[in-house]
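A.B. asks: Supplied structure: data-v6.cif, mmCIF, C-alpha atoms; chains and numbers go by the auth columns.
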data_input
#
loop_
_atom_site.group_PDB
_atom_site.id
_atom_site.type_symbol
_atom_site.label_atom_id
_atom_site.label_comp_id
_atom_site.label_asym_id
_atom_site.label_seq_id
_atom_site.Cartn_x
_atom_site.Cartn_y
_atom_site.Cartn_z
_atom_site.B_iso_or_equiv
_atom_site.auth_seq_id
_atom_site.auth_asym_id
ATOM 1 C CA MET A 1 -24.197 16.709 20.526 0.00 1 G
ATOM 2 C CA ILE A 2 -22.712 15.669 17.224 0.00 2 G
ATOM 3 C CA LYS A 3 -19.022 14.938 17.169 0.00 3 G
ATOM 4 C CA ILE A 4 -17.114 16.055 14.100 0.00 4 G
ATOM 5 C CA LEU A 5 -13.735 14.569 13.223 0.00 5 G
ATOM 6 C CA LEU A 6 -11.229 16.366 11.025 0.00 6 G
ATOM 7 C CA PHE A 7 -8.185 14.925 9.294 0.00 7 G
ATOM 8 C CA ALA A 8 -5.079 15.929 7.370 0.00 8 G
ATOM 9 C CA GLY A 9 -5.280 19.461 5.944 0.00 9 G
ATOM 10 C CA LEU A 10 -8.702 20.125 7.479 0.00 10 G
ATOM 11 C CA ARG A 11 -7.327 19.337 10.917 0.00 11 G
ATOM 12 C CA GLU A 12 -4.548 21.846 10.422 0.00 12 G
ATOM 13 C CA GLU A 13 -6.917 24.502 9.075 0.00 13 G
ATOM 14 C CA ALA A 14 -9.218 24.164 12.075 0.00 14 G
ATOM 15 C CA GLY A 15 -6.355 23.768 14.536 0.00 15 G
ATOM 16 C CA LYS A 16 -8.120 20.812 16.152 0.00 16 G
ATOM 17 C CA SER A 17 -9.064 17.233 15.381 0.00 17 G
ATOM 18 C CA GLU A 18 -12.524 17.196 16.990 0.00 18 G
ATOM 19 C CA ILE A 19 -15.388 19.655 17.200 0.00 19 G
ATOM 20 C CA GLU A 20 -18.674 19.150 19.042 0.00 20 G
ATOM 21 C CA ILE A 21 -21.849 20.804 17.811 0.00 21 G
ATOM 22 C CA LYS A 22 -25.173 20.949 19.635 0.00 22 G
ATOM 23 C CA ALA A 23 -27.583 19.610 17.054 0.00 23 G
ATOM 24 C CA ASP A 24 -30.006 16.788 16.358 0.00 24 G
ATOM 25 C CA ASN A 25 -31.794 15.595 13.201 0.00 25 G
ATOM 26 C CA LEU A 26 -29.698 17.704 10.899 0.00 26 G
ATOM 27 C CA SER A 27 -28.640 16.947 7.320 0.00 27 G
ATOM 28 C CA ILE A 28 -24.950 16.874 6.495 0.00 28 G
ATOM 29 C CA SER A 29 -25.360 20.002 4.390 0.00 29 G
ATOM 30 C CA GLY A 30 -27.032 21.725 7.348 0.00 30 G
ATOM 31 C CA LEU A 31 -24.238 20.565 9.603 0.00 31 G
ATOM 32 C CA LYS A 32 -21.669 21.977 7.185 0.00 32 G
ATOM 33 C CA GLN A 33 -23.405 25.365 7.233 0.00 33 G
ATOM 34 C CA GLN A 34 -23.414 25.409 11.001 0.00 34 G
ATOM 35 C CA LEU A 35 -19.756 24.416 11.116 0.00 35 G
ATOM 36 C CA LEU A 36 -18.794 27.132 8.661 0.00 36 G
ATOM 37 C CA GLU A 37 -20.409 29.792 10.855 0.00 37 G
ATOM 38 C CA THR A 38 -17.615 29.276 13.343 0.00 38 G
ATOM 39 C CA TYR A 39 -14.864 27.924 11.087 0.00 39 G
ATOM 40 C CA ASN A 40 -15.448 30.040 8.006 0.00 40 G
ATOM 41 C CA SER A 41 -12.113 29.327 6.363 0.00 41 G
ATOM 42 C CA LEU A 42 -12.579 25.556 6.469 0.00 42 G
ATOM 43 C CA ASN A 43 -12.728 24.156 2.941 0.00 43 G
ATOM 44 C CA LEU A 44 -15.132 21.235 3.167 0.00 44 G
ATOM 45 C CA ASN A 45 -16.011 21.021 -0.519 0.00 45 G
ATOM 46 C CA GLY A 46 -13.549 18.365 -1.589 0.00 46 G
ATOM 47 C CA ALA A 47 -14.158 16.171 1.431 0.00 47 G
ATOM 48 C CA MET A 48 -16.135 12.935 1.559 0.00 48 G
ATOM 49 C CA ILE A 49 -18.348 12.357 4.568 0.00 49 G
ATOM 50 C CA ALA A 50 -18.559 9.406 6.916 0.00 50 G
ATOM 51 C CA VAL A 51 -21.236 8.970 9.572 0.00 51 G
ATOM 52 C CA ASN A 52 -20.339 6.487 12.298 0.00 52 G
ATOM 53 C CA GLU A 53 -17.507 5.114 10.126 0.00 53 G
ATOM 54 C CA GLU A 54 -19.640 4.549 7.006 0.00 54 G
ATOM 55 C CA TYR A 55 -19.504 6.735 3.916 0.00 55 G
ATOM 56 C CA ALA A 56 -22.564 8.981 3.672 0.00 56 G
ATOM 57 C CA THR A 57 -24.010 11.727 1.474 0.00 57 G
ATOM 58 C CA GLU A 58 -25.040 15.374 1.832 0.00 58 G
ATOM 59 C CA ASP A 59 -28.667 14.429 2.574 0.00 59 G
ATOM 60 C CA THR A 60 -27.828 11.911 5.275 0.00 60 G
ATOM 61 C CA VAL A 61 -29.516 13.044 8.480 0.00 61 G
ATOM 62 C CA VAL A 62 -27.445 12.880 11.634 0.00 62 G
ATOM 63 C CA LYS A 63 -28.663 12.610 15.194 0.00 63 G
ATOM 64 C CA SER A 64 -27.259 13.585 18.524 0.00 64 G
ATOM 65 C CA GLY A 65 -24.525 11.096 19.434 0.00 65 G
ATOM 66 C CA ASP A 66 -23.473 10.487 15.837 0.00 66 G
ATOM 67 C CA VAL A 67 -19.861 10.888 14.764 0.00 67 G
ATOM 68 C CA VAL A 68 -19.332 12.704 11.482 0.00 68 G
ATOM 69 C CA ALA A 69 -15.943 12.600 9.792 0.00 69 G
ATOM 70 C CA PHE A 70 -14.844 14.901 6.988 0.00 70 G
ATOM 71 C CA ILE A 71 -12.522 12.905 4.785 0.00 71 G
ATOM 72 C CA PRO A 72 -10.271 14.846 2.416 0.00 72 G
ATOM 73 C CA PRO A 73 -9.081 13.031 -0.727 0.00 73 G
ATOM 74 C CA VAL A 74 -7.199 10.025 0.578 0.00 74 G
ATOM 75 C CA SER A 75 -3.565 9.240 -0.175 0.00 75 G
ATOM 76 C CA GLY A 76 -2.700 5.982 1.513 0.00 76 G
ATOM 77 C CA GLY A 77 -0.586 3.255 0.025 0.00 77 G
ATOM 78 C CA MET B 1 -3.981 -11.881 14.494 0.00 24 F
ATOM 79 C CA GLU B 2 -5.772 -9.218 12.511 0.00 25 F
ATOM 80 C CA LEU B 3 -5.888 -9.690 8.756 0.00 26 F
ATOM 81 C CA PHE B 4 -6.519 -5.974 8.225 0.00 27 F
ATOM 82 C CA GLU B 5 -4.741 -3.467 10.413 0.00 28 F
ATOM 83 C CA VAL B 6 -3.431 0.071 10.733 0.00 29 F
ATOM 84 C CA LYS B 7 -0.499 0.476 13.098 0.00 30 F
ATOM 85 C CA SER B 8 2.417 2.684 14.084 0.00 31 F
ATOM 86 C CA GLU B 9 5.028 -0.052 14.425 0.00 32 F
ATOM 87 C CA PRO B 10 7.255 -1.239 11.543 0.00 33 F
ATOM 88 C CA LEU B 11 5.618 -3.822 9.243 0.00 34 F
ATOM 89 C CA SER B 12 6.952 -7.334 8.715 0.00 35 F
ATOM 90 C CA LEU B 13 6.669 -9.170 5.420 0.00 36 F
ATOM 91 C CA GLU B 14 7.167 -12.495 7.152 0.00 37 F
ATOM 92 C CA ASP B 15 4.311 -11.865 9.580 0.00 38 F
ATOM 93 C CA ILE B 16 1.813 -10.878 6.907 0.00 39 F
ATOM 94 C CA THR B 17 2.781 -13.798 4.672 0.00 40 F
ATOM 95 C CA LYS B 18 2.064 -16.198 7.535 0.00 41 F
ATOM 96 C CA LYS B 19 -1.417 -14.727 7.912 0.00 42 F
ATOM 97 C CA VAL B 20 -2.487 -15.959 4.474 0.00 43 F
ATOM 98 C CA GLU B 21 -0.573 -19.265 4.303 0.00 44 F
ATOM 99 C CA ARG B 22 -2.945 -22.193 3.739 0.00 45 F
ATOM 100 C CA ARG B 23 -2.635 -25.782 2.609 0.00 46 F
ATOM 101 C CA GLU B 24 -4.901 -25.138 -0.371 0.00 47 F
ATOM 102 C CA ALA B 25 -2.760 -22.230 -1.592 0.00 48 F
ATOM 103 C CA GLY B 26 -0.429 -22.745 -4.518 0.00 49 F
ATOM 104 C CA ALA B 27 0.623 -19.106 -4.632 0.00 50 F
ATOM 105 C CA ILE B 28 1.149 -16.147 -2.338 0.00 51 F
ATOM 106 C CA THR B 29 1.747 -12.716 -3.833 0.00 52 F
ATOM 107 C CA THR B 30 3.049 -9.888 -1.664 0.00 53 F
ATOM 108 C CA PHE B 31 3.182 -6.182 -2.359 0.00 54 F
ATOM 109 C CA ILE B 32 5.517 -3.884 -0.449 0.00 55 F
ATOM 110 C CA GLY B 33 4.812 -0.175 -0.709 0.00 56 F
ATOM 111 C CA THR B 34 7.850 1.851 0.338 0.00 57 F
ATOM 112 C CA VAL B 35 8.682 5.521 0.872 0.00 58 F
ATOM 113 C CA ARG B 36 10.245 6.940 -2.303 0.00 59 F
ATOM 114 C CA GLU B 37 12.889 9.616 -2.134 0.00 60 F
ATOM 115 C CA TRP B 38 12.359 11.307 -5.492 0.00 61 F
ATOM 116 C CA THR B 39 9.039 12.203 -7.141 0.00 62 F
ATOM 117 C CA LYS B 40 9.941 13.904 -10.403 0.00 63 F
ATOM 118 C CA GLU B 41 12.302 16.691 -9.360 0.00 64 F
ATOM 119 C CA LYS B 42 11.095 16.844 -5.763 0.00 65 F
ATOM 120 C CA ARG B 43 13.109 15.234 -3.011 0.00 66 F
ATOM 121 C CA THR B 44 11.187 13.772 -0.084 0.00 67 F
ATOM 122 C CA LEU B 45 12.870 13.978 3.314 0.00 68 F
ATOM 123 C CA TYR B 46 10.260 11.905 5.162 0.00 69 F
ATOM 124 C CA LEU B 47 6.522 11.185 5.172 0.00 70 F
ATOM 125 C CA GLU B 48 3.871 11.435 7.808 0.00 71 F
ATOM 126 C CA TYR B 49 0.811 9.172 7.560 0.00 72 F
ATOM 127 C CA GLN B 50 -2.421 9.809 9.403 0.00 73 F
ATOM 128 C CA ALA B 51 -5.526 7.604 9.466 0.00 74 F
ATOM 129 C CA TYR B 52 -9.078 7.526 10.702 0.00 75 F
ATOM 130 C CA GLU B 53 -7.979 4.289 12.268 0.00 76 F
ATOM 131 C CA PRO B 54 -11.166 2.330 13.036 0.00 77 F
ATOM 132 C CA MET B 55 -12.737 3.230 9.712 0.00 78 F
ATOM 133 C CA ALA B 56 -9.512 2.595 7.789 0.00 79 F
ATOM 134 C CA ALA B 57 -9.281 -0.922 9.227 0.00 80 F
ATOM 135 C CA LYS B 58 -12.917 -1.521 8.274 0.00 81 F
ATOM 136 C CA MET B 59 -12.347 -0.309 4.725 0.00 82 F
ATOM 137 C CA LEU B 60 -9.282 -2.540 4.370 0.00 83 F
ATOM 138 C CA ALA B 61 -11.460 -5.460 5.437 0.00 84 F
ATOM 139 C CA GLN B 62 -14.062 -4.404 2.872 0.00 85 F
ATOM 140 C CA ILE B 63 -11.386 -4.550 0.165 0.00 86 F
ATOM 141 C CA GLY B 64 -10.565 -8.089 1.261 0.00 87 F
ATOM 142 C CA LYS B 65 -14.233 -9.012 1.001 0.00 88 F
ATOM 143 C CA GLU B 66 -14.536 -7.451 -2.455 0.00 89 F
ATOM 144 C CA ALA B 67 -11.491 -9.406 -3.602 0.00 90 F
ATOM 145 C CA GLU B 68 -12.905 -12.676 -2.296 0.00 91 F
ATOM 146 C CA GLU B 69 -16.065 -12.048 -4.302 0.00 92 F
ATOM 147 C CA LYS B 70 -14.144 -11.184 -7.475 0.00 93 F
ATOM 148 C CA TRP B 71 -11.543 -13.947 -7.089 0.00 94 F
ATOM 149 C CA PRO B 72 -13.170 -16.784 -5.115 0.00 95 F
ATOM 150 C CA GLY B 73 -10.688 -18.804 -3.111 0.00 96 F
ATOM 151 C CA THR B 74 -8.306 -15.909 -2.397 0.00 97 F
ATOM 152 C CA LYS B 75 -7.352 -14.904 1.130 0.00 98 F
ATOM 153 C CA MET B 76 -5.994 -11.406 1.754 0.00 99 F
ATOM 154 C CA ALA B 77 -4.218 -9.530 4.522 0.00 100 F
ATOM 155 C CA ILE B 78 -3.322 -5.828 4.503 0.00 101 F
ATOM 156 C CA SER B 79 -1.249 -3.830 6.978 0.00 102 F
ATOM 157 C CA HIS B 80 -0.803 -0.068 6.693 0.00 103 F
ATOM 158 C CA ARG B 81 1.618 1.892 8.800 0.00 104 F
ATOM 159 C CA ILE B 82 0.992 5.407 10.130 0.00 105 F
ATOM 160 C CA GLY B 83 3.148 8.038 11.796 0.00 106 F
ATOM 161 C CA ARG B 84 6.535 9.270 10.590 0.00 107 F
ATOM 162 C CA LEU B 85 8.208 7.125 7.926 0.00 108 F
ATOM 163 C CA GLU B 86 11.708 7.545 6.550 0.00 109 F
ATOM 164 C CA ILE B 87 12.885 6.895 2.998 0.00 110 F
ATOM 165 C CA SER B 88 12.637 3.157 2.132 0.00 111 F
ATOM 166 C CA ASP B 89 10.441 2.373 5.122 0.00 112 F
ATOM 167 C CA ILE B 90 7.479 0.098 4.388 0.00 113 F
ATOM 168 C CA ALA B 91 4.177 1.995 4.345 0.00 114 F
ATOM 169 C CA VAL B 92 1.902 -0.823 3.245 0.00 115 F
ATOM 170 C CA LEU B 93 1.976 -4.603 2.890 0.00 116 F
ATOM 171 C CA ILE B 94 -0.551 -6.681 0.982 0.00 117 F
ATOM 172 C CA ALA B 95 -0.464 -10.479 0.912 0.00 118 F
ATOM 173 C CA VAL B 96 -2.836 -12.668 -1.080 0.00 119 F
ATOM 174 C CA SER B 97 -2.906 -16.438 -1.232 0.00 120 F
ATOM 175 C CA SER B 98 -4.868 -18.493 -3.730 0.00 121 F
ATOM 176 C CA PRO B 99 -4.863 -21.973 -5.264 0.00 122 F
ATOM 177 C CA HIS B 100 -3.438 -20.538 -8.521 0.00 123 F
ATOM 178 C CA ARG B 101 -1.130 -17.572 -9.109 0.00 124 F
ATOM 179 C CA LYS B 102 -3.188 -15.450 -11.503 0.00 125 F
ATOM 180 C CA ALA B 103 -5.903 -14.672 -8.965 0.00 126 F
ATOM 181 C CA ALA B 104 -3.275 -13.863 -6.327 0.00 127 F
ATOM 182 C CA TYR B 105 -1.567 -11.335 -8.638 0.00 128 F
ATOM 183 C CA GLU B 106 -4.796 -9.719 -9.759 0.00 129 F
ATOM 184 C CA ALA B 107 -6.365 -9.470 -6.315 0.00 130 F
ATOM 185 C CA ASN B 108 -3.166 -7.952 -4.963 0.00 131 F
ATOM 186 C CA GLU B 109 -3.117 -5.199 -7.573 0.00 132 F
ATOM 187 C CA TYR B 110 -6.820 -4.574 -7.060 0.00 133 F
ATOM 188 C CA ALA B 111 -6.198 -4.038 -3.349 0.00 134 F
ATOM 189 C CA ILE B 112 -3.587 -1.304 -3.717 0.00 135 F
ATOM 190 C CA GLU B 113 -5.750 0.580 -6.220 0.00 136 F
ATOM 191 C CA ARG B 114 -8.739 0.390 -3.862 0.00 137 F
ATOM 192 C CA ILE B 115 -6.637 1.581 -0.936 0.00 138 F
ATOM 193 C CA LYS B 116 -5.849 4.711 -2.889 0.00 139 F
ATOM 194 C CA ASP B 117 -9.572 5.273 -3.535 0.00 140 F
ATOM 195 C CA ILE B 118 -11.505 4.522 -0.390 0.00 141 F
ATOM 196 C CA VAL B 119 -9.351 4.025 2.706 0.00 142 F
ATOM 197 C CA PRO B 120 -9.194 7.076 4.999 0.00 143 F
ATOM 198 C CA ILE B 121 -5.421 7.363 5.240 0.00 144 F
ATOM 199 C CA TRP B 122 -3.474 10.484 4.297 0.00 145 F
ATOM 200 C CA LYS B 123 0.166 11.215 3.737 0.00 146 F
ATOM 201 C CA LYS B 124 1.954 14.463 4.277 0.00 147 F
ATOM 202 C CA GLU B 125 5.017 15.001 2.154 0.00 148 F
ATOM 203 C CA HIS B 126 7.906 16.736 3.808 0.00 149 F
ATOM 204 C CA TRP B 127 10.083 17.922 0.958 0.00 150 F
ATOM 205 C CA GLU B 128 13.278 19.885 0.964 0.00 151 F
ATOM 206 C CA SER B 129 11.168 22.784 -0.304 0.00 152 F
ATOM 207 C CA GLY B 130 8.147 22.576 2.003 0.00 153 F
ATOM 208 C CA GLU B 131 5.329 20.317 3.106 0.00 154 F
ATOM 209 C CA GLU B 132 1.837 19.378 1.961 0.00 155 F
ATOM 210 C CA TRP B 133 -0.973 16.917 2.646 0.00 156 F
ATOM 211 C CA ILE B 134 -1.329 14.963 -0.559 0.00 157 F
ATOM 212 C CA GLY B 135 -4.767 14.546 -2.112 0.00 158 F
ATOM 213 C CA ASN B 136 -3.903 11.658 -4.372 0.00 159 F
ATOM 214 C CA GLN B 137 -0.879 9.785 -5.542 0.00 160 F
ATOM 215 C CA LYS B 138 -0.535 11.529 -8.857 0.00 161 F
ATOM 216 C CA GLU B 139 -0.462 14.892 -7.110 0.00 162 F
ATOM 217 C CA THR B 140 -3.040 16.085 -9.606 0.00 163 F
ATOM 218 C CA VAL B 141 -5.591 16.682 -6.879 0.00 164 F
ATOM 219 C CA PRO B 142 -3.848 18.144 -3.890 0.00 165 F
ATOM 220 C CA TYR B 143 -6.126 18.622 -0.962 0.00 166 F
ATOM 221 C CA PRO B 144 -8.668 20.267 -0.784 0.00 167 F
ATOM 222 C CA SER B 145 -9.972 20.046 -4.321 0.00 168 F
ATOM 223 C CA GLY B 146 -11.227 16.895 -5.974 0.00 169 F
ATOM 224 C CA ARG B 147 -13.030 13.893 -4.625 0.00 170 F
ATOM 225 C CA PRO B 148 -12.052 10.250 -4.951 0.00 171 F
ATOM 226 C CA HIS B 149 -14.479 7.633 -6.223 0.00 172 F
ATOM 227 C CA LEU B 150 -16.241 5.352 -3.820 0.00 173 F
#
As structure tokens, please, write out the structure in this file.
C.D. replies:
Amino acid sequence: MIKILLFAGLREEAGKSEIEIKADNLSISGLKQQLLETYNSLNLNGAMIAVNEEYATEDTVVKSGDVVAFIPPVSGG
Amino acid sequence: MELFEVKSEPLSLEDITKKVERREAGAITTFIGTVREWTKEKRTLYLEYQAYEPMAAKMLAQIGKEAEEKWPGTKMAISHRIGRLEISDIAVLIAVSSPHRKAAYEANEYAIERIKDIVPIWKKEHWESGEEWIGNQKETVPYPSGRPHL
């Protein structure tokens, strides 16, 4: 299982803050595709990605047990 | 006493100043980020901040580390508040101490700019006319378009 965390506008679009997907050894872009099969209106394009609380890229490969966060443009401060 | 924290309770300038006080410091600069009522012609009623808390705290600590490398001898503390904030409430506090004032000023400004780039915290504006998650501070990139620099 890969845990996906959603924030801000993405959280509202999905109607939930966490989604679990059965997958292992999957690239972030593959994970996105799988996510969009169920949540097809989710706009993930502008979001940065973090794997286990570290910024990652589209080709980062995630394993079962990893936590992937989609991070929309930030606006703290 | 955490130097870098994200919390729901009100922030205290006195507390954060104490965190960076040192005998070798000749200067402490503090920055207080507050909730503004008017942005151009739009009136804010209140703000809601959300964070990816563990990662946000880590990224704040990273900013402190970056600052220490750029301005050796500085010590930084940052507190960011989340949840519902009213007009004039303090959203963020940054304190920097250093032997001399210039480094303390510069490191402090660096920190707020970095917060706006890399720390996973979001604010939702609740205006008189509606509400929106803000993508960046200039409102030029409202979520979901655009992508901040790392």
A.B. asks: What does the structure give for the distance between CA of Gln85 in chain F and CA of Ala134 in chain F, in Å to one decimal?
C.D. replies: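 Atom-to-atom, CA of Gln85 in chain F to CA of Ala134 in chain F, that is 10.0 Å.
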A.B. asks: On this structure, the PyMOL selection byres ((chain G and resi 13-15) around 10) would catch which residues? List them as number ranges by chain, sorted by chain and number.
C.D. replies: G: 6-12, 16-19, 38-43
A.B. asks: What lies within 7 Å of range 26-30 of chain F using only C-alpha atoms, ignoring chain neighbours under 3 positions off, as an MDAnalysis selection string?
C.D. replies: chainID F and resid 42 76 80 83:84 100:105
A.B. asks: Save the residues we just selected, C-alpha atoms, as a JSON list (two decimals), in the frame of the given file?
C.D. replies:
[["chain", "number", "residue", "atom", "x", "y", "z"],
["F", 42, "LYS", "CA", -1.42, -14.73, 7.91],
["F", 76, "GLU", "CA", -7.98, 4.29, 12.27],
["F", 80, "ALA", "CA", -9.28, -0.92, 9.23],
["F", 83, "LEU", "CA", -9.28, -2.54, 4.37],
["F", 84, "ALA", "CA", -11.46, -5.46, 5.44],
["F", 100, "ALA", "CA", -4.22, -9.53, 4.52],
["F", 101, "ILE", "CA", -3.32, -5.83, 4.50],
["F", 102, "SER", "CA", -1.25, -3.83, 6.98],
["F", 103, "HIS", "CA", -0.80, -0.07, 6.69],
["F", 104, "ARG", "CA", 1.62, 1.89, 8.80],
["F", 105, "ILE", "CA", 0.99, 5.41, 10.13]]
A.B. asks: So how far away is CA of Ala118 in chain F from CA of Asp38 in chain F, in Å?
C.D. replies: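 Taking CA of Asp38 in chain F as the start and CA of Ala118 in chain F as the end point, the length is 10.0 Å.
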A.B. asks: Expanded to explicit residues, what is the PyMOL selection byres ((chain G) within 10 of (chain F)) for this file, as a list in words?
C.D. replies: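 Against this file, the PyMOL selection byres ((chain G) within 10 of (chain F)) returns the residues Leu5, Leu6, Phe7, Ala8, Gly9, Leu10, Glu12, Leu42, Asn43, Leu44, Asn45, Gly46, Ala47, Met48, Ala50, Asn52, Glu53, Glu54, Tyr55, Ala69, Phe70, Ile71, Pro72, Pro73, Val74, Ser75, Gly76 and Gly77 of chain G.
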A.B. asks: Generate a file of the selected residues that holds C-alpha atoms, formatted as a compact mmCIF listing (two decimals), in the coordinates of the input.
C.D. replies:
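Written file, again03.txt:
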# COMPACT_ATOMS: atom_id res chain seq x y z
CA LEU G 5 -13.74 14.57 13.22
CA LEU G 6 -11.23 16.37 11.02
CA PHE G 7 -8.18 14.92 9.29
CA ALA G 8 -5.08 15.93 7.37
CA GLY G 9 -5.28 19.46 5.94
CA LEU G 10 -8.70 20.12 7.48
CA GLU G 12 -4.55 21.85 10.42
CA LEU G 42 -12.58 25.56 6.47
CA ASN G 43 -12.73 24.16 2.94
CA LEU G 44 -15.13 21.24 3.17
CA ASN G 45 -16.01 21.02 -0.52
CA GLY G 46 -13.55 18.36 -1.59
CA ALA G 47 -14.16 16.17 1.43
CA MET G 48 -16.14 12.94 1.56
CA ALA G 50 -18.56 9.41 6.92
CA ASN G 52 -20.34 6.49 12.30
CA GLU G 53 -17.51 5.11 10.13
CA GLU G 54 -19.64 4.55 7.01
CA TYR G 55 -19.50 6.74 3.92
CA ALA G 69 -15.94 12.60 9.79
CA PHE G 70 -14.84 14.90 6.99
CA ILE G 71 -12.52 12.90 4.78
CA PRO G 72 -10.27 14.85 2.42
CA PRO G 73 -9.08 13.03 -0.73
CA VAL G 74 -7.20 10.02 0.58
CA SER G 75 -3.56 9.24 -0.18
CA GLY G 76 -2.70 5.98 1.51
CA GLY G 77 -0.59 3.26 0.02
A.B. asks: Please identify all polymer residues lying at most 10 Å from the point (-20.8, 16.9, 16.4) (file coordinates), using all atoms listed in the file, and present the result as a ChimeraX atom specification.
C.D. replies: /G:1-5,18-24,31,35,62-69
A.B. asks: Kindly indicate which residue among F:Pro95, F:Glu64, F:Ile51, F:Leu108 lies nearest to Tyr128 in chain F, using only C-alpha atoms for the distances.
C.D. replies: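 Among the listed residues, the smallest separation from Tyr128 in chain F belongs to F:Ile51.
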A.B. asks: Using Å and a single decimal, report how far CA of Asp112 in chain F sits from CA of Lys41 in chain F.
C.D. replies: 20.5 Å
A.B. asks: Residue by residue, what does the PyMOL selection byres ((chain G and resi 27) around 10) grab here? Present the result as JSON, numbers by chain.
C.D. replies: {"G": [24, 25, 26, 28, 29, 30, 31, 32, 33, 57, 58, 59, 60, 61, 62, 63]}
